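Q: My questions will all concern the structure given below.
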Amino acid sequence: MKRFENIPLRRIIAAWFLVLVFTGPGFTDTPAAADSFPERIVLNLTQTPHLSQAVTWRSGEKGEIPAAQIVPVSHLLEAESHAVTVKADTCQIEIDESRDVFHHSVVFESLVPGTEYAYRVGNDPHWSEWSRFKTASGRNDPFRFVFFGDIQEQVAALGSQLFRLAVMAVPDAAFWLFAGDMMDNGPDDREWAGFFEAVSWMPKTFPMLPVPGNHEYPDPRIIPRDERRITPLWRPHFTLPDNGPPGLEETVYWLSYQGVCFIILNGNEPMDAQAEWLETVLYRNTAWTIVAIHQTVYPISTRRHDTTIQEILVPIFDRYAVDLVLQGHDHGYARTKALKNHQPVTGKEKGTVYIISNSGPKFYPVSDRYDHLMARTGSKEMLFHTIDVDETTLRFTAFDLMQQPVDEVVIHKNIP
């Protein structure tokens with residue numbers, strides 16, 4: 001008892017009293033309660049983000065009636081009488097031989113454009129805290145979003161730093177777009193746990209727009225390429241527009257956000273069906289067009305030599321005057337000049353800007369193969385990007401870990 005000899009007796013008694021209170025009957029955090037509590041809560045945009053919003057979460061137990069509740073923020077203090085409850089769709093996923101989990105999803109429908117809502121998810125009495133989001137306006141109003149390239153490695157240790165910087169830089173971001181490889185081994189649930197540790201509360205407020213990367217698929221050194229399928233953990237974690245080609249549901253999709261058409265492609269899968277689908281989407285679009293695909297069209301890595309994606313997609317991008325193509329995969333940074341027919345445009349001719357980003361600590365050497373097309377290239381940088389859009393101007397800015405701008409381009413839209 002020597003270590004207590006200088007501590008007043010009343011403090012020792014008080015300390016033991018607290019131990020008894022917080023570990024005694026009636027104050028145990030039972031495994032059942034922990035298993036029922038919602039985790040990995042993710043907002044996702046729908047095809048019509050001015051009228052609806054998707055949310056997905058998971059729990060260790062199914063619960064009696066998994067659901068989500070939503071209320072306009074203006075009525076949050078009267079949520080008990082004003083909240084609308086929406087029953088969730090639930091699927092059971094086997095994590096390993098000894099453990100299953102339950103993933104739940106809800107799409108909030110019939111929302112009011114440009115309105116802030118509060119929501120929570122779970123199962124009575126195990127509800128999450130209230131979080132909030134704002135629907136798109138339904139008009140071509142200016143907005144901002146954040147773009148990340150590959151994170152892949154040291155996601156919780158270093159990726160988390162970039163996410164926090166992005167929140168500080170763009171606290172009013174409409175959503176976050178990820179170019180794929182959000183982790184190193186997508187089929188491993190432990191890597192998803194690391195990703196959600198890194199993003200913390202942020203996906204509850206900033207909807208995620210994810211692109212499937214090759215690391216969201218099994219390792220081709222273990223499973224033959226023609227037998228590889230996207231991790232079965234992809235679709236349970238996200239609720240994305242189901243408007244892509246058959247067989248590529250929620251990995252190829254499009255949506256419209258305040259005058260911008262966003263198109264997500266899956267470079268891990270055959271491109272022919274995607275190319276045909278892409279043309280049908282672009283044909284009826286007259287707004288800004290931003291395409292995101294993990295694999296690169298003009299690769300900068302010395303490891304990349306396949307030009308299949310370039311051969312298939314560039315003629316379509318040129319034909320429909322795509323404004324911006326966002327990519328990852330090459331673990332470096334590159335921004336092309338405005339291009340058409342594989343050459344920089346001149347004068348007022350319309351071209352497409354291609355950007356490759358890296359948001360993690362893994363780097364590849366940069367090739368000089370396409371130097372004649374590049375406005376800027378770089379390596380050994382962890383970057384995040386802000387994109388500001390209005391009816392006539394798109395401004396892209398790249399920031400490093402010091403939150404310093406390292407590159408910027410402004411694209412102007414020709415309004416008839």
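Letters A, B, ... mark the chains of the structure tokens in the order given; residue numbers begin at 1 per chain; ligand numbers begin at 1, in order shown.
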What's the 7 Å shell around Phe147 in chain A, counting only C-alpha atoms, without same-chain residues fewer than 3 positions away, as a PDB file with all heavy atoms, in the first residue's frame?

A:
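part.pdb, freshly written:
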ATOM      1  N   TRP A 176     -18.155  13.652 -51.424  1.00  0.00           N
ATOM      2  CA  TRP A 176     -16.771  13.243 -51.645  1.00  0.00           C
ATOM      3  C   TRP A 176     -16.745  12.155 -52.710  1.00  0.00           C
ATOM      4  O   TRP A 176     -17.481  11.164 -52.612  1.00  0.00           O
ATOM      5  CB  TRP A 176     -16.144  12.703 -50.358  1.00  0.00           C
ATOM      6  CG  TRP A 176     -15.808  13.741 -49.338  1.00  0.00           C
ATOM      7  CD1 TRP A 176     -16.081  15.077 -49.384  1.00  0.00           C
ATOM      8  CD2 TRP A 176     -15.120  13.521 -48.097  1.00  0.00           C
ATOM      9  NE1 TRP A 176     -15.602  15.704 -48.261  1.00  0.00           N
ATOM     10  CE2 TRP A 176     -15.007  14.770 -47.454  1.00  0.00           C
ATOM     11  CE3 TRP A 176     -14.590  12.401 -47.483  1.00  0.00           C
ATOM     12  CZ2 TRP A 176     -14.392  14.922 -46.205  1.00  0.00           C
ATOM     13  CZ3 TRP A 176     -13.967  12.540 -46.239  1.00  0.00           C
ATOM     14  CH2 TRP A 176     -13.874  13.784 -45.614  1.00  0.00           C
ATOM     15  N   LEU A 177     -15.895  12.324 -53.713  1.00  0.00           N
ATOM     16  CA  LEU A 177     -15.746  11.337 -54.777  1.00  0.00           C
ATOM     17  C   LEU A 177     -14.406  10.626 -54.612  1.00  0.00           C
ATOM     18  O   LEU A 177     -13.359  11.284 -54.516  1.00  0.00           O
ATOM     19  CB  LEU A 177     -15.843  12.019 -56.147  1.00  0.00           C
ATOM     20  CG  LEU A 177     -16.006  11.133 -57.374  1.00  0.00           C
ATOM     21  CD1 LEU A 177     -16.644  11.930 -58.526  1.00  0.00           C
ATOM     22  CD2 LEU A 177     -14.691  10.535 -57.872  1.00  0.00           C
ATOM     23  N   PHE A 178     -14.429   9.294 -54.577  1.00  0.00           N
ATOM     24  CA  PHE A 178     -13.227   8.478 -54.420  1.00  0.00           C
ATOM     25  C   PHE A 178     -12.952   7.732 -55.721  1.00  0.00           C
ATOM     26  O   PHE A 178     -13.840   7.074 -56.267  1.00  0.00           O
ATOM     27  CB  PHE A 178     -13.402   7.464 -53.293  1.00  0.00           C
ATOM     28  CG  PHE A 178     -13.470   8.062 -51.923  1.00  0.00           C
ATOM     29  CD1 PHE A 178     -14.657   8.602 -51.444  1.00  0.00           C
ATOM     30  CD2 PHE A 178     -12.360   8.080 -51.095  1.00  0.00           C
ATOM     31  CE1 PHE A 178     -14.732   9.150 -50.178  1.00  0.00           C
ATOM     32  CE2 PHE A 178     -12.424   8.627 -49.819  1.00  0.00           C
ATOM     33  CZ  PHE A 178     -13.612   9.169 -49.360  1.00  0.00           C
ATOM     34  N   PHE A 384      -5.385  15.906 -51.959  1.00  0.00           N
ATOM     35  CA  PHE A 384      -6.832  15.923 -52.103  1.00  0.00           C
ATOM     36  C   PHE A 384      -7.181  17.125 -52.966  1.00  0.00           C
ATOM     37  O   PHE A 384      -6.362  18.039 -53.150  1.00  0.00           O
ATOM     38  CB  PHE A 384      -7.543  15.979 -50.740  1.00  0.00           C
ATOM     39  CG  PHE A 384      -7.464  17.301 -50.031  1.00  0.00           C
ATOM     40  CD1 PHE A 384      -8.467  18.249 -50.160  1.00  0.00           C
ATOM     41  CD2 PHE A 384      -6.373  17.608 -49.213  1.00  0.00           C
ATOM     42  CE1 PHE A 384      -8.394  19.478 -49.505  1.00  0.00           C
ATOM     43  CE2 PHE A 384      -6.297  18.828 -48.543  1.00  0.00           C
ATOM     44  CZ  PHE A 384      -7.312  19.765 -48.696  1.00  0.00           C
ATOM     45  N   HIS A 385      -8.398  17.133 -53.495  1.00  0.00           N
ATOM     46  CA  HIS A 385      -8.737  18.113 -54.510  1.00  0.00           C
ATOM     47  C   HIS A 385     -10.116  18.698 -54.264  1.00  0.00           C
ATOM     48  O   HIS A 385     -11.042  17.984 -53.862  1.00  0.00           O
ATOM     49  CB  HIS A 385      -8.712  17.474 -55.900  1.00  0.00           C
ATOM     50  CG  HIS A 385      -7.501  16.630 -56.125  1.00  0.00           C
ATOM     51  ND1 HIS A 385      -6.301  17.149 -56.528  1.00  0.00           N
ATOM     52  CD2 HIS A 385      -7.300  15.298 -55.952  1.00  0.00           C
ATOM     53  CE1 HIS A 385      -5.406  16.176 -56.614  1.00  0.00           C
ATOM     54  NE2 HIS A 385      -5.996  15.038 -56.266  1.00  0.00           N
ATOM     55  N   THR A 386     -10.240  19.976 -54.513  1.00  0.00           N
ATOM     56  CA  THR A 386     -11.541  20.629 -54.470  1.00  0.00           C
ATOM     57  C   THR A 386     -11.953  20.992 -55.894  1.00  0.00           C
ATOM     58  O   THR A 386     -11.109  21.403 -56.700  1.00  0.00           O
ATOM     59  CB  THR A 386     -11.512  21.892 -53.599  1.00  0.00           C
ATOM     60  OG1 THR A 386     -10.613  22.851 -54.173  1.00  0.00           O
ATOM     61  CG2 THR A 386     -11.043  21.558 -52.189  1.00  0.00           C
TER      62      THR A 386
END

Q: Give me the residues within 7 Å of Leu401 in chain A as a compact mmCIF listing (two decimals) with C-alpha atoms, in the first residue's frame, counting only C-alpha atoms and dropping any in the same chain fewer than 3 places off.

A:
# COMPACT_ATOMS: atom_id res chain seq x y z
CA LEU A 162 -6.11 13.95 -45.63
CA MET A 382 -0.50 12.77 -51.02
CA LEU A 383 -3.19 15.03 -52.42

Q: Counting only C-alpha atoms, what are the residues of range 166-192 of chain A within 10 Å of range 328-346 of chain A, and for each of them which pair of atoms is the nearest and at what distance in Å, to one decimal? Sort the table by chain and rising number, as JSON lines.

A:
{"residue": "A:Phe178", "atom": "CA", "partner": "A:Gly328", "partner_atom": "CA", "distance": 8.8}
{"residue": "A:Ala179", "atom": "CA", "partner": "A:Gly328", "partner_atom": "CA", "distance": 5.5}
{"residue": "A:Gly180", "atom": "CA", "partner": "A:Gly328", "partner_atom": "CA", "distance": 6.9}
{"residue": "A:Asp181", "atom": "CA", "partner": "A:His329", "partner_atom": "CA", "distance": 7.7}

Q: What's around range 274-289 of chain A at 8 Å? Count only C-alpha atoms, leave out sequence neighbours fewer than 3 positions away in its own chain, and write the answer as an MDAnalysis selection string.

A: chainID A and resid 244:245 252 254 259:263 265 270:271 312:313 316 320 322:324 413

Q: Tell me, as a list in words, which residues lie within 7 Å of Thr56 in chain A, counting only C-alpha atoms; anything in the same chain fewer than 4 positions away does not count.

A: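 Result of the neighbour search: Ile41, Val42, Leu43, His104, Ser105, Val106, His237, Phe238 and Thr239 of chain A.
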
Q: Of the candidates A:Ile300, A:Ser74, A:Met202, A:His294, which one gets nearest to Leu165 in chain A if we count only C-alpha atoms?

A: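 Closest to Leu165 in chain A, using only C-alpha atoms: A:Met202.
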
Q: Give me, as a CSV table (one decimal) with all heavy atoms, in the first residue's frame, the residues of range 335-371 of chain A that a backbone DSSP run labels strand (DSSP E).

A:
chain,number,residue,atom,x,y,z
A,335,ARG,N,-2.0,16.1,-64.7
A,335,ARG,CA,-3.1,16.8,-65.3
A,335,ARG,C,-2.7,17.1,-66.8
A,335,ARG,O,-1.7,17.7,-67.0
A,335,ARG,CB,-3.4,18.2,-64.6
A,335,ARG,CG,-4.4,19.0,-65.3
A,335,ARG,CD,-4.8,20.3,-64.5
A,335,ARG,NE,-3.6,21.1,-64.2
A,335,ARG,CZ,-3.2,22.1,-65.1
A,335,ARG,NH1,-3.7,22.2,-66.3
A,335,ARG,NH2,-2.1,22.8,-64.7
A,336,THR,N,-3.6,16.6,-67.7
A,336,THR,CA,-3.3,16.9,-69.1
A,336,THR,C,-3.7,18.3,-69.5
A,336,THR,O,-4.5,19.0,-68.8
A,336,THR,CB,-4.0,15.9,-70.0
A,336,THR,OG1,-5.4,16.2,-70.0
A,336,THR,CG2,-3.7,14.5,-69.6
A,339,LEU,N,-7.5,18.0,-74.3
A,339,LEU,CA,-7.2,17.1,-75.4
A,339,LEU,C,-8.4,16.8,-76.2
A,339,LEU,O,-9.5,16.7,-75.8
A,339,LEU,CB,-6.6,15.9,-74.8
A,339,LEU,CG,-5.4,15.9,-73.9
A,339,LEU,CD1,-4.9,14.5,-73.5
A,339,LEU,CD2,-4.2,16.7,-74.5
A,340,LYS,N,-8.1,16.6,-77.5
A,340,LYS,CA,-9.0,16.0,-78.4
A,340,LYS,C,-8.2,15.3,-79.5
A,340,LYS,O,-7.2,15.7,-80.0
A,340,LYS,CB,-9.9,17.1,-79.1
A,340,LYS,CG,-11.0,16.6,-80.0
A,340,LYS,CD,-11.9,17.7,-80.5
A,340,LYS,CE,-13.1,17.1,-81.3
A,340,LYS,NZ,-14.0,18.1,-81.8
A,343,GLN,N,-4.5,14.9,-78.9
A,343,GLN,CA,-3.6,16.1,-79.1
A,343,GLN,C,-4.2,17.3,-78.3
A,343,GLN,O,-5.4,17.4,-78.1
A,343,GLN,CB,-3.5,16.4,-80.5
A,343,GLN,CG,-2.9,15.4,-81.4
A,343,GLN,CD,-1.4,15.1,-81.0
A,343,GLN,OE1,-0.7,16.1,-80.6
A,343,GLN,NE2,-1.0,13.9,-81.2
A,344,PRO,N,-3.3,18.2,-77.8
A,344,PRO,CA,-3.8,19.4,-77.2
A,344,PRO,C,-4.6,20.2,-78.2
A,344,PRO,O,-4.3,20.3,-79.4
A,344,PRO,CB,-2.5,20.1,-76.8
A,344,PRO,CG,-1.5,19.1,-76.7
A,344,PRO,CD,-1.9,18.1,-77.8
A,353,VAL,N,-10.0,17.5,-70.2
A,353,VAL,CA,-8.9,17.5,-69.2
A,353,VAL,C,-9.0,16.2,-68.5
A,353,VAL,O,-10.0,15.8,-67.9
A,353,VAL,CB,-9.0,18.7,-68.3
A,353,VAL,CG1,-7.9,18.6,-67.2
A,353,VAL,CG2,-8.9,20.0,-69.1
A,354,TYR,N,-7.8,15.5,-68.4
A,354,TYR,CA,-7.7,14.2,-67.7
A,354,TYR,C,-6.8,14.4,-66.5
A,354,TYR,O,-5.7,15.0,-66.6
A,354,TYR,CB,-7.1,13.1,-68.6
A,354,TYR,CG,-7.9,12.8,-69.8
A,354,TYR,CD1,-7.9,13.6,-71.0
A,354,TYR,CD2,-8.7,11.7,-69.8
A,354,TYR,CE1,-8.6,13.3,-72.1
A,354,TYR,CE2,-9.4,11.3,-71.0
A,354,TYR,CZ,-9.4,12.1,-72.1
A,354,TYR,OH,-10.1,11.8,-73.2
A,355,ILE,N,-7.3,14.0,-65.3
A,355,ILE,CA,-6.5,14.2,-64.1
A,355,ILE,C,-6.4,12.9,-63.4
A,355,ILE,O,-7.3,12.1,-63.2
A,355,ILE,CB,-7.2,15.2,-63.1
A,355,ILE,CG1,-7.1,16.6,-63.8
A,355,ILE,CG2,-6.6,15.2,-61.7
A,355,ILE,CD1,-7.8,17.7,-63.0
A,356,ILE,N,-5.1,12.6,-63.0
A,356,ILE,CA,-4.8,11.4,-62.2
A,356,ILE,C,-4.4,11.8,-60.8
A,356,ILE,O,-3.6,12.8,-60.7
A,356,ILE,CB,-3.7,10.6,-62.9
A,356,ILE,CG1,-4.0,10.1,-64.3
A,356,ILE,CG2,-3.3,9.4,-62.0
A,356,ILE,CD1,-2.9,9.6,-65.1

Q: Within 12 Å of range 226-235 of chain A, which residues of range 20-106 of chain A come that close, and what is the closest atom pair and distance in Å for each? Count only C-alpha atoms and give it as a tab-separated table.

A:
residue	atom	partner	partner_atom	distance
A:Val42	CA	A:Arg235	CA	11.9
A:Asn44	CA	A:Arg235	CA	11.8
A:Thr56	CA	A:Arg235	CA	9.8
A:Trp57	CA	A:Arg235	CA	11.5
A:Arg58	CA	A:Leu233	CA	11.2
A:Thr90	CA	A:Arg235	CA	11.9
A:Cys91	CA	A:Arg235	CA	10.4
A:Gln92	CA	A:Leu233	CA	10.9
A:Ile93	CA	A:Leu233	CA	8.0
A:Glu94	CA	A:Pro232	CA	9.6
A:Ile95	CA	A:Leu233	CA	9.0
A:Val101	CA	A:Leu233	CA	10.9
A:Phe102	CA	A:Leu233	CA	11.2
A:His103	CA	A:Leu233	CA	9.6
A:His104	CA	A:Arg235	CA	10.8
A:Ser105	CA	A:Arg235	CA	10.3

Q: When you look at Thr307 in chain A with a cut-off of 12 Å (counting only C-alpha atoms), what residues show up, excluding the ones that are within fewer than 4 positions of it in the same chain? I need them as a compact mmCIF listing (two decimals) with N, CA, C and O atoms, in the first residue's frame.

A:
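This is the output file result.txt:
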# COMPACT_ATOMS: atom_id res chain seq x y z
N GLY A 267 -13.37 0.22 -64.65
CA GLY A 267 -12.29 -0.22 -65.53
C GLY A 267 -11.79 -1.61 -65.27
O GLY A 267 -10.92 -2.11 -66.00
N GLN A 295 -8.94 3.23 -63.56
CA GLN A 295 -7.81 3.02 -64.46
C GLN A 295 -7.58 4.26 -65.34
O GLN A 295 -8.51 5.01 -65.63
N THR A 296 -6.35 4.45 -65.75
CA THR A 296 -5.96 5.69 -66.41
C THR A 296 -6.08 5.60 -67.93
O THR A 296 -5.76 4.57 -68.53
N VAL A 297 -6.48 6.71 -68.53
CA VAL A 297 -6.62 6.78 -69.99
C VAL A 297 -5.26 7.07 -70.63
O VAL A 297 -4.89 6.45 -71.63
N TYR A 298 -4.53 8.00 -70.04
CA TYR A 298 -3.16 8.29 -70.48
C TYR A 298 -2.24 8.01 -69.30
O TYR A 298 -1.93 8.91 -68.51
N PRO A 299 -1.77 6.77 -69.15
CA PRO A 299 -1.04 6.38 -67.93
C PRO A 299 0.27 7.15 -67.77
O PRO A 299 0.95 7.48 -68.74
N GLU A 311 -8.30 3.47 -76.19
CA GLU A 311 -8.82 3.26 -77.54
C GLU A 311 -10.35 3.25 -77.56
O GLU A 311 -10.96 3.71 -78.53
N ILE A 312 -10.96 2.72 -76.50
CA ILE A 312 -12.42 2.63 -76.46
C ILE A 312 -13.06 3.95 -76.05
O ILE A 312 -14.04 4.40 -76.64
N LEU A 313 -12.51 4.59 -75.02
CA LEU A 313 -13.19 5.72 -74.41
C LEU A 313 -12.90 7.07 -75.05
O LEU A 313 -13.79 7.93 -75.12
N VAL A 314 -11.68 7.31 -75.49
CA VAL A 314 -11.34 8.65 -76.00
C VAL A 314 -12.24 9.09 -77.16
O VAL A 314 -12.71 10.24 -77.17

Q: I'd like the interatomic distance between CA of His305 in chain A and CA of Asp371 in chain A, to a tenth of an Å.

A: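 Computing the Euclidean distance for CA of His305 in chain A and CA of Asp371 in chain A yields 14.9 Å.
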
Q: If we count only C-alpha atoms, what is near Phe396 in chain A at a cut-off of 8 Å, once residues fewer than 6 positions away on the same chain are taken out, given as an mmCIF file with N, CA and C atoms, in the first residue's frame?

A:
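Printed below is result.cif as written:
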data_model
loop_
_atom_site.group_PDB
_atom_site.id
_atom_site.type_symbol
_atom_site.label_atom_id
_atom_site.label_comp_id
_atom_site.auth_asym_id
_atom_site.auth_seq_id
_atom_site.Cartn_x
_atom_site.Cartn_y
_atom_site.Cartn_z
ATOM 1 N N HIS A 385 -8.398 17.133 -53.495
ATOM 2 C CA HIS A 385 -8.737 18.113 -54.510
ATOM 3 C C HIS A 385 -10.116 18.698 -54.264
ATOM 4 N N THR A 386 -10.240 19.976 -54.513
ATOM 5 C CA THR A 386 -11.541 20.629 -54.470
ATOM 6 C C THR A 386 -11.953 20.992 -55.894
ATOM 7 N N ILE A 387 -13.224 20.826 -56.171
ATOM 8 C CA ILE A 387 -13.751 21.162 -57.488
ATOM 9 C C ILE A 387 -14.967 22.051 -57.286
ATOM 10 N N ASP A 388 -14.869 23.278 -57.776
ATOM 11 C CA ASP A 388 -15.942 24.264 -57.669
ATOM 12 C C ASP A 388 -16.596 24.410 -59.036
ATOM 13 N N GLU A 408 -3.659 23.970 -60.194
ATOM 14 C CA GLU A 408 -5.013 24.479 -60.408
ATOM 15 C C GLU A 408 -5.264 24.619 -61.894
ATOM 16 N N VAL A 409 -6.500 24.353 -62.280
ATOM 17 C CA VAL A 409 -6.912 24.594 -63.651
ATOM 18 C C VAL A 409 -8.353 25.088 -63.635
ATOM 19 N N VAL A 410 -8.666 25.990 -64.542
ATOM 20 C CA VAL A 410 -10.033 26.500 -64.699
ATOM 21 C C VAL A 410 -10.525 26.123 -66.095
#

Q: Quick one, how far is CA of Val84 in chain A from CA of Arg40 in chain A?

A: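 The value is 21.8 Å.
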
Q: Can you work out the spacing between CA of Ser36 in chain A and CA of Ala67 in chain A in Å, to one decimal?

A: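 Computing it gives 12.3 Å between the two atoms.
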
Q: Give me, as a ChimeraX atom specification, all polymer residues having an atom no more than 12 Å from His126 in chain A, counting only C-alpha atoms and skipping those fewer than 5 positions away in the same chain.

A: /A:32-39,59-68,120-121

Q: Point out the residue among A:Pro241, A:Pro315, A:Pro187, A:Pro365 with the least atom-to-atom distance to Gly351 in chain A, counting only C-alpha atoms.

A: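 Under the stated criterion, the closest residue is A:Pro315.
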
Q: Please determine, counting only C-alpha atoms, which residue among A:Gly186, A:Gly149, A:Pro236, A:Pro210 has the shortest atom-to-atom distance to Gln327 in chain A.

A: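 Result for the nearest residue to Gln327 in chain A: A:Gly149.
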
Q: Can you work out which one of A:Arg139, A:Phe195, A:Tyr117, A:Leu240 has the shortest atom-to-atom distance to Val55 in chain A, counting only C-alpha atoms?

A: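 Nearest to Val55 in chain A: A:Leu240.
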
Q: Quick one: pick out all helix (DSSP H, G or I) residues within range 92-242 of chain A from a backbone DSSP run and write them as a PDB file with C-alpha atoms, in the first residue's frame.

A:
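Output (states_35.pdb):
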ATOM      1  CA  VAL A 155      -5.420   4.355 -44.529  1.00  0.00           C
ATOM      2  CA  ALA A 156      -6.128   4.842 -40.826  1.00  0.00           C
ATOM      3  CA  ALA A 157      -2.670   6.248 -40.066  1.00  0.00           C
ATOM      4  CA  LEU A 158      -2.229   8.697 -42.955  1.00  0.00           C
ATOM      5  CA  GLY A 159      -5.407   8.719 -45.027  1.00  0.00           C
ATOM      6  CA  SER A 160      -7.202  10.056 -41.974  1.00  0.00           C
ATOM      7  CA  GLN A 161      -4.991  13.166 -42.097  1.00  0.00           C
ATOM      8  CA  LEU A 162      -6.107  13.949 -45.632  1.00  0.00           C
ATOM      9  CA  PHE A 163      -9.770  13.459 -44.753  1.00  0.00           C
ATOM     10  CA  ARG A 164      -9.503  15.911 -41.852  1.00  0.00           C
ATOM     11  CA  LEU A 165      -7.770  18.461 -44.041  1.00  0.00           C
ATOM     12  CA  ALA A 166     -10.556  18.126 -46.601  1.00  0.00           C
ATOM     13  CA  VAL A 167     -13.217  18.823 -43.960  1.00  0.00           C
ATOM     14  CA  MET A 168     -11.399  21.965 -42.883  1.00  0.00           C
ATOM     15  CA  ALA A 169     -10.817  23.114 -46.459  1.00  0.00           C
ATOM     16  CA  ASP A 189     -13.421  -6.789 -43.778  1.00  0.00           C
ATOM     17  CA  ARG A 190     -10.557  -5.711 -41.510  1.00  0.00           C
ATOM     18  CA  GLU A 191      -9.427  -3.286 -44.217  1.00  0.00           C
ATOM     19  CA  TRP A 192     -12.919  -1.821 -44.404  1.00  0.00           C
ATOM     20  CA  ALA A 193     -12.697  -1.352 -40.646  1.00  0.00           C
ATOM     21  CA  GLY A 194      -9.485   0.640 -41.164  1.00  0.00           C
ATOM     22  CA  PHE A 195     -11.133   2.792 -43.808  1.00  0.00           C
ATOM     23  CA  PHE A 196     -14.091   3.598 -41.579  1.00  0.00           C
ATOM     24  CA  GLU A 197     -11.764   4.348 -38.692  1.00  0.00           C
ATOM     25  CA  ALA A 198     -10.026   6.873 -40.947  1.00  0.00           C
ATOM     26  CA  VAL A 199     -13.172   8.596 -42.237  1.00  0.00           C
ATOM     27  CA  MET A 202     -17.537  12.118 -42.183  1.00  0.00           C
ATOM     28  CA  PRO A 203     -19.549   9.729 -44.436  1.00  0.00           C
ATOM     29  CA  LYS A 204     -22.582  10.451 -42.246  1.00  0.00           C
ATOM     30  CA  ASN A 214      -8.686  -3.023 -58.804  1.00  0.00           C
ATOM     31  CA  HIS A 215      -8.008  -3.428 -55.070  1.00  0.00           C
ATOM     32  CA  GLU A 216     -11.731  -3.697 -54.455  1.00  0.00           C
ATOM     33  CA  ARG A 225      -8.396 -12.605 -63.777  1.00  0.00           C
ATOM     34  CA  ASP A 226     -11.374 -14.108 -65.628  1.00  0.00           C
ATOM     35  CA  GLU A 227     -12.775 -15.406 -62.316  1.00  0.00           C
ATOM     36  CA  TRP A 234     -18.925  -3.474 -51.968  1.00  0.00           C
ATOM     37  CA  ARG A 235     -22.661  -3.387 -52.540  1.00  0.00           C
ATOM     38  CA  PRO A 236     -23.662  -3.988 -48.891  1.00  0.00           C
ATOM     39  CA  HIS A 237     -21.592  -0.949 -47.826  1.00  0.00           C
TER      40      HIS A 237
END

Q: Could you check the closest approach to Ser301 in chain A for each of A:Val366, A:Val107, A:Ala398, A:Ala83 and tell me which residue wins, using only C-alpha atoms?

A: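 Going through A:Val366, A:Val107, A:Ala398, A:Ala83 one by one, the smallest distance to Ser301 in chain A is for A:Val366.
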